[in-house]
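To start, the structure itself, in structure tokens.
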Amino acid sequence: MNLEHSLRSEIQKAITALFNATIDQVQLQPTNQEFEGSHTLVCFPLTRASKLKPEETAKAIGDYLVQHSGIVTRYNVVKGFLNLVISDRTWAETFASIYANKNYGSLPANGKEIMVEYSSPNTNKPLHLGHLRNNFLGYSVAELYKANGYNVHKVQIINDRGIHICKSMAAWKLYGNGETPQSSGLKGDKLVGKYYVEFDKNYKAQAKELQEKGVSEAEAEKQAPIMKLAVDMLQKWEAKDPGTVQLWKTMNGWVYEGFDATYKRMGVDFEKLYYESDTYLLGKEEVLKGVEKGIFFKKEDGSVWVDLTADGLDQKVLLRSDGTSVYMTQDIGTAILRFRDFPKIEGQIYTVGNEQEYHFKVLFLILGKLGYEWAKKCYHLSYGMVDLPSGKMKSREGTVVDADDLMQEMADEAERQTRELGKIDELSDAESKQLFEMIGLGALKFFLLKVDPKKRMLFDPNESIQLQGFTGPFIQYTHARIRAILRKAESMNIVSTANDLKGLSSLEPSEREALHLLSLFENKIREAAKDYSPAVIANYAYDLAKQYNQFYQNISIFNEADPVKLKFRVALSDSIASAIKKSMNLLGISVPERM
RNA sequence: GGUCCGAUAGCUCAACUGGAUAGAGCAUCAGCCUUCUAAGCUGACGGUUCGGGGUUCGAGUCCCUGUCGGAUCACCA
């Protein structure tokens with residue numbers, strides 16, 4: 001039984017009976033704290049049907065509901081707002097049905113499939129803070145769709161080819177002396193990243209030197225020997241030169257090993273990986289087909305373009321005059337390949353930063369022009385940049401926050417603060433370590449996910465390691481607290497069944513509030529997926545935990561003499577712990593048994 | 001310059017998509033551990049929702065306009 005549905009239908013009945021009208025949009029909202037009640041009907045829009053003043057309309061509906069619905073016990077009217085008080089018996093029934101439903105918080109399978117792309121790094125540099133937001137977001141949105149009944153495929157596209165990786169390769173060849181992750185003790189992605197920096201340093205020095213000799217800036221940038229080497233390697237790679245391909249494979253291999261370790265610690269996973277080196281040729285084919293069909297056009301120099309002026313955009317290049325593909329070409333190929341691999345998906349969600357909004361607008365238009373119906377179901381989950389207190393992250397200024405380092409710092413800080421509180425003496429070393437990791441990552445993920453994804457956000461390191469207030473650890477702590485209650489109940493052999501709870505006669509305000517929040521869980525799961533926003537769940541989990549703590553503070557569970565109330569309180573605690581756990585799991589965060 | 005985002009308490013963020021006296025956390029101050037975990041709870045302080053017009057029963061939310069930030073408009077990815 002869904003309380004809100006029942007209430008809405010009772011209100012409809014009342015409107016029909018009283019005013020002989022049907023209203024498609026019943027405006028129901030939570031009641032403000034200062035008034036009695038939980039649900040409020042906004043009556044202003046109903047005055048046209050009722051032909052009464054808002055207050056009179058509210059009163060009429062209120063009276064009707066009290067007399068006929070069996071849900072509402074009393075009401076009050078403030079201006080045009082009808083504040084409804086739900087009977088405790090109804091609350092008890094609502095809770096009994098939630099408690100009996102083991103799958104509460106997961107909607108039934110809907111037979112639909114969807115694909116979520118996230119992460120999608122370049123292979124020349126280690127992952128950083130921006131990737132963390134991307135990964136946590138993508139992972140969470142995928143989990144949200146699962147909870148909404150979808151079959152979800154998590155994928156990424158790895159940008160494994162192009163000039164960027166050739167730069168690392170060139171620098172390694174020149175200065176590497178055969179260094180490997182094994183010989184250096186460096187993580188593979190870090191090692192390759194080191195040579196990317198090395199490239200940049202030498203490149204700049206060489207270009208500067210040339211300029212001092214009187215070469216123009218543009219020319220110097222082309223003439224720098226290390227750049228020539230990188231470009232040469234790119235051409236050799238495209239020509240499948242064995243030595244170059246071998247080095248490319250080796251260095252990318254190092255990067256993947258490094259990434260795997262980072263992904264593992266982040267707790268994200270992928271069903272299938274796509275590599276641009278595999279998809280760019282397909283994209284090229286599709287573009288050439290498009291030229292034949294007259295969807296795209298070729299210029300005299302041989303370059304291929306799409307004309308999007310009719311859509312209010314520009315002309316956009318799809319193949320260079322030398323016939324090589326650009327970023328867009330690859331993305332066309334990747335998209336098509338994915339729908340071949342997973343024919344049942346209805347669409348794709350691309351988790352990519354908002355600096356690429358224009359790119360995806362163009363991509364979806366092109367796919368539509370190529371005749372793919374599913375282009376309409378492709379969505380760019382565009383998220384804002386992560387700024388530091390000092391401003392944007394800039395690799396040149398060394399302000400990039402490394403993903404591995406950050407996760408380690410969070411775990412260390414969690415350890416420091418946990419030890420200081422001294423509550424975990426009975427845990428083994430291994431358990432403790434696991435707990436620090438859970439808390440540190442929980443804090444980090446929650447910090448990055450609690451903000452609306454669309455908005456740019458500020459990452460303040462000092463604030464992110466906070467474990468009090470609106471944070472992941474606060475919620476984890478609440479869960480651990482409830483688990484302690486449940487362990488005690490178990491040891492006292494207190495077992496609650498949905499049937500026991502029907503005899504419940506009255507509720508305390510804090511119980512009613514907690515129960516009300518609990519009843520909103522599935523709505524929140526729908527809303528979060530619809531808006532592609534884990535922040536909805538983060539806020540919900542926080543509200544729920546906060547409300548539980550208030551209940552916990554006000555009411556002593558085990559001092560209750562009435563056995564039905566005692567059982568109810570244990571059962572309510574159980575259901576809330578479970579909702580907290582599921583919510584946090586939707587964010588990719590685990591919750592501990594004790595902390 | 002064109003297009004698209006954003007601006008809410010000292011700071012970081014909410015506000016159920018047009019509803020009531022705009023809410024949390026942090027910070028500051030004052031209370032609460034003999035009780036189920038004080039990573040908690042209660043209270044105080046804190047607002048011209050960037051400025052100016054408009055739409056209507058009602059605007060932080062919609063429209064116009066100005067200011068300030070950001071992104072984007074490559075034969076880069």
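In the structure tokens, each chain is lettered A, B, ... as it comes, each chain's residues begin at 1, and ligands are numbered from 1 in order of appearance.
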
Would you kindly report the residues of chain A within 7 Å of chain B, using only C-alpha atoms (C1' of nucleotides), as JSON, numbers by chain? {"A": [317, 320, 321, 327, 355, 358, 451, 467, 468, 469, 470, 473, 474, 477, 481, 485, 550, 553, 556, 557, 558]}

Helix (DSSP H, G or I) call set, DSSP backbone run, range 154-227 of chain A, as a VMD selection string: chain A and resid 163 to 175 181 to 184 188 to 212 217 to 223 225 to 227

Grab the residues selected above and save them as a compact mmCIF listing (two decimals), in the first residue's frame with C-alpha atoms.
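Once written, selection_1.txt looks like this:
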# COMPACT_ATOMS: atom_id res chain seq x y z
CA ILE A 163 49.15 12.27 -30.20
CA HIS A 164 48.89 12.37 -26.41
CA ILE A 165 50.08 8.80 -25.87
CA CYS A 166 52.73 9.26 -28.55
CA LYS A 167 54.11 12.14 -26.53
CA SER A 168 54.64 9.88 -23.52
CA MET A 169 56.11 7.24 -25.82
CA ALA A 170 58.54 9.72 -27.38
CA ALA A 171 59.76 11.00 -24.03
CA TRP A 172 60.14 7.47 -22.69
CA LYS A 173 62.15 6.46 -25.72
CA LEU A 174 64.46 9.42 -25.35
CA TYR A 175 64.91 9.59 -21.60
CA PRO A 181 56.82 -0.08 -13.38
CA GLN A 182 58.76 -3.02 -11.95
CA SER A 183 62.17 -1.34 -12.16
CA SER A 184 60.96 1.99 -10.82
CA GLY A 188 52.01 2.10 -14.39
CA ASP A 189 49.77 5.09 -15.02
CA LYS A 190 52.04 7.24 -12.87
CA LEU A 191 55.08 6.17 -14.83
CA VAL A 192 53.52 6.99 -18.18
CA GLY A 193 52.24 10.26 -16.75
CA LYS A 194 55.75 11.09 -15.63
CA TYR A 195 56.96 10.85 -19.22
CA TYR A 196 54.08 12.96 -20.43
CA VAL A 197 55.31 15.70 -18.11
CA GLU A 198 58.86 14.99 -19.26
CA PHE A 199 57.76 15.48 -22.84
CA ASP A 200 56.16 18.80 -22.07
CA LYS A 201 59.22 20.08 -20.24
CA ASN A 202 61.65 19.20 -23.01
CA TYR A 203 59.30 20.31 -25.72
CA LYS A 204 59.01 23.75 -24.20
CA ALA A 205 62.76 24.03 -23.76
CA GLN A 206 63.39 23.04 -27.35
CA ALA A 207 60.79 25.39 -28.73
CA LYS A 208 62.20 28.23 -26.68
CA GLU A 209 65.70 27.50 -27.89
CA LEU A 210 64.54 27.58 -31.50
CA GLN A 211 62.76 30.85 -30.97
CA GLU A 212 65.89 32.36 -29.54
CA GLU A 217 56.75 30.64 -32.47
CA ALA A 218 54.44 28.58 -34.66
CA GLU A 219 57.35 27.16 -36.60
CA ALA A 220 59.34 26.43 -33.46
CA GLU A 221 56.45 24.41 -32.08
CA LYS A 222 56.49 22.25 -35.17
CA GLN A 223 60.26 22.00 -35.47
CA PRO A 225 62.75 17.58 -32.33
CA ILE A 226 60.78 15.84 -29.61
CA MET A 227 57.50 16.93 -31.19

What are the DSSP strand (DSSP E) residues of range 309-492 of chain A, as number ranges by chain? A: 315-319, 345-353, 378-383, 386-387, 457-458

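Within 10 Å of range 50-54 of chain B, once only C-alpha atoms (C1' of nucleotides) are used and residues closer than 5 positions along the same chain are dropped, the contacting residues are B:A7, B:U8, B:C63, B:C64, B:U65, B:G66, B:U67, B:C68.
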
Restricting the output to N, CA and C atoms (P, O5', C5', C4', C3', O3' and C1' of nucleotides), write the selected residues as a PDB file, in the first residue's frame.
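Saved as part04.pdb:
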ATOM      1  P     A B   7      22.387  29.566  -9.472  1.00  0.00           P
ATOM      2  O5'   A B   7      23.272  30.771  -8.930  1.00  0.00           O
ATOM      3  C5'   A B   7      24.453  30.485  -8.168  1.00  0.00           C
ATOM      4  C4'   A B   7      25.165  31.780  -7.852  1.00  0.00           C
ATOM      5  C3'   A B   7      24.363  32.714  -6.956  1.00  0.00           C
ATOM      6  O3'   A B   7      25.238  33.358  -6.030  1.00  0.00           O
ATOM      7  C1'   A B   7      24.897  33.800  -8.996  1.00  0.00           C
ATOM      8  P     U B   8      25.273  32.815  -4.544  1.00  0.00           P
ATOM      9  O5'   U B   8      23.736  32.835  -4.169  1.00  0.00           O
ATOM     10  C5'   U B   8      23.125  34.039  -3.711  1.00  0.00           C
ATOM     11  C4'   U B   8      21.958  33.727  -2.840  1.00  0.00           C
ATOM     12  C3'   U B   8      22.300  33.123  -1.487  1.00  0.00           C
ATOM     13  O3'   U B   8      22.696  34.107  -0.555  1.00  0.00           O
ATOM     14  C1'   U B   8      20.547  31.889  -2.455  1.00  0.00           C
ATOM     15  P     C B  63      12.354  31.921 -18.591  1.00  0.00           P
ATOM     16  O5'   C B  63      11.537  33.203 -19.054  1.00  0.00           O
ATOM     17  C5'   C B  63      10.669  33.153 -20.177  1.00  0.00           C
ATOM     18  C4'   C B  63      10.188  34.542 -20.495  1.00  0.00           C
ATOM     19  C3'   C B  63      11.300  35.573 -20.663  1.00  0.00           C
ATOM     20  O3'   C B  63      11.851  35.561 -21.962  1.00  0.00           O
ATOM     21  C1'   C B  63       9.637  36.443 -19.228  1.00  0.00           C
ATOM     22  P     C B  64      13.392  35.981 -22.159  1.00  0.00           P
ATOM     23  O5'   C B  64      13.323  37.566 -21.972  1.00  0.00           O
ATOM     24  C5'   C B  64      12.618  38.373 -22.908  1.00  0.00           C
ATOM     25  C4'   C B  64      12.675  39.813 -22.473  1.00  0.00           C
ATOM     26  C3'   C B  64      14.074  40.363 -22.193  1.00  0.00           C
ATOM     27  O3'   C B  64      14.760  40.735 -23.372  1.00  0.00           O
ATOM     28  C1'   C B  64      12.613  41.003 -20.450  1.00  0.00           C
ATOM     29  P     U B  65      16.366  40.636 -23.394  1.00  0.00           P
ATOM     30  O5'   U B  65      16.764  41.774 -22.352  1.00  0.00           O
ATOM     31  C5'   U B  65      16.566  43.159 -22.662  1.00  0.00           C
ATOM     32  C4'   U B  65      16.987  44.007 -21.494  1.00  0.00           C
ATOM     33  C3'   U B  65      18.416  43.779 -21.007  1.00  0.00           C
ATOM     34  O3'   U B  65      19.379  44.477 -21.795  1.00  0.00           O
ATOM     35  C1'   U B  65      16.961  43.790 -19.154  1.00  0.00           C
ATOM     36  P     G B  66      20.841  43.844 -21.959  1.00  0.00           P
ATOM     37  O5'   G B  66      21.567  44.313 -20.625  1.00  0.00           O
ATOM     38  C5'   G B  66      21.847  45.696 -20.421  1.00  0.00           C
ATOM     39  C4'   G B  66      22.171  45.948 -18.979  1.00  0.00           C
ATOM     40  C3'   G B  66      23.396  45.221 -18.447  1.00  0.00           C
ATOM     41  O3'   G B  66      24.610  45.842 -18.820  1.00  0.00           O
ATOM     42  C1'   G B  66      21.627  45.011 -16.897  1.00  0.00           C
ATOM     43  P     U B  67      25.935  44.965 -19.011  1.00  0.00           P
ATOM     44  O5'   U B  67      26.356  44.642 -17.506  1.00  0.00           O
ATOM     45  C5'   U B  67      26.695  45.686 -16.615  1.00  0.00           C
ATOM     46  C4'   U B  67      27.006  45.131 -15.249  1.00  0.00           C
ATOM     47  C3'   U B  67      28.018  43.990 -15.229  1.00  0.00           C
ATOM     48  O3'   U B  67      29.354  44.464 -15.297  1.00  0.00           O
ATOM     49  C1'   U B  67      26.177  43.401 -13.886  1.00  0.00           C
ATOM     50  P     C B  68      30.472  43.588 -16.041  1.00  0.00           P
ATOM     51  O5'   C B  68      30.727  42.409 -14.998  1.00  0.00           O
ATOM     52  C5'   C B  68      31.163  42.707 -13.678  1.00  0.00           C
ATOM     53  C4'   C B  68      31.070  41.469 -12.831  1.00  0.00           C
ATOM     54  C3'   C B  68      31.731  40.238 -13.420  1.00  0.00           C
ATOM     55  O3'   C B  68      33.134  40.261 -13.265  1.00  0.00           O
ATOM     56  C1'   C B  68      29.614  39.645 -12.583  1.00  0.00           C
TER      57        C B  68
END

Report, in Å to a single decimal, how far apart CA of Lys240 in chain A and CA of Glu292 in chain A are.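 If I compute the distance from CA of Glu292 in chain A to CA of Lys240 in chain A, I get 28.0 Å.
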
Separation of CA of Arg569 in chain A and CA of Leu520 in chain A, in Å? 18.7 Å

Between CA of Leu82 in chain A and CA of Gln33 in chain A - distance in Å to one decimal: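 According to the coordinates, CA of Gln33 in chain A and CA of Leu82 in chain A are separated by 14.0 Å.
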
Glu56 in chain A environment, 10 Å, only C-alpha atoms (C1' of nucleotides), sequence neighbours closer than 6 positions dropped, as a list of chain:residue names: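 The neighbour list is A:Cys43, A:Thr47, A:Ser50, A:Gly62, A:Val77, A:Lys79, A:Gly80.
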
Dump N, CA, C and O atoms for the selected residues as a tab-separated table (two decimals), in the first residue's frame?
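The resulting file, out_8.tsv, is shown below:
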chain	number	residue	atom	x	y	z
A	43	CYS	N	-4.83	24.35	-2.21
A	43	CYS	CA	-6.20	24.45	-2.70
A	43	CYS	C	-6.47	25.59	-3.67
A	43	CYS	O	-7.55	25.68	-4.25
A	47	THR	N	-10.00	26.23	-6.79
A	47	THR	CA	-11.11	27.18	-6.59
A	47	THR	C	-11.96	27.35	-7.84
A	47	THR	O	-13.13	27.66	-7.75
A	50	SER	N	-14.33	24.50	-7.53
A	50	SER	CA	-15.20	24.54	-6.34
A	50	SER	C	-16.08	25.78	-6.31
A	50	SER	O	-17.11	25.80	-5.65
A	62	GLY	N	-11.39	18.92	3.54
A	62	GLY	CA	-10.95	18.39	4.82
A	62	GLY	C	-12.06	17.63	5.52
A	62	GLY	O	-11.86	16.50	5.98
A	77	VAL	N	-6.64	24.38	8.38
A	77	VAL	CA	-6.54	25.17	7.15
A	77	VAL	C	-5.79	26.46	7.45
A	77	VAL	O	-6.12	27.18	8.38
A	79	LYS	N	-4.72	29.71	5.28
A	79	LYS	CA	-4.93	30.31	3.96
A	79	LYS	C	-5.49	29.25	3.02
A	79	LYS	O	-6.45	28.59	3.37
A	80	GLY	N	-4.89	29.04	1.90
A	80	GLY	CA	-5.44	28.04	0.99
A	80	GLY	C	-4.80	26.67	1.14
A	80	GLY	O	-4.91	25.82	0.26

Nearest to A30 in chain B by atom-to-atom distance, counting only C-alpha atoms (C1' of nucleotides), from B:G60, B:G18, B:G43, B:G2: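 Using only C-alpha atoms (C1' of nucleotides), A30 in chain B sits closest to B:G43.
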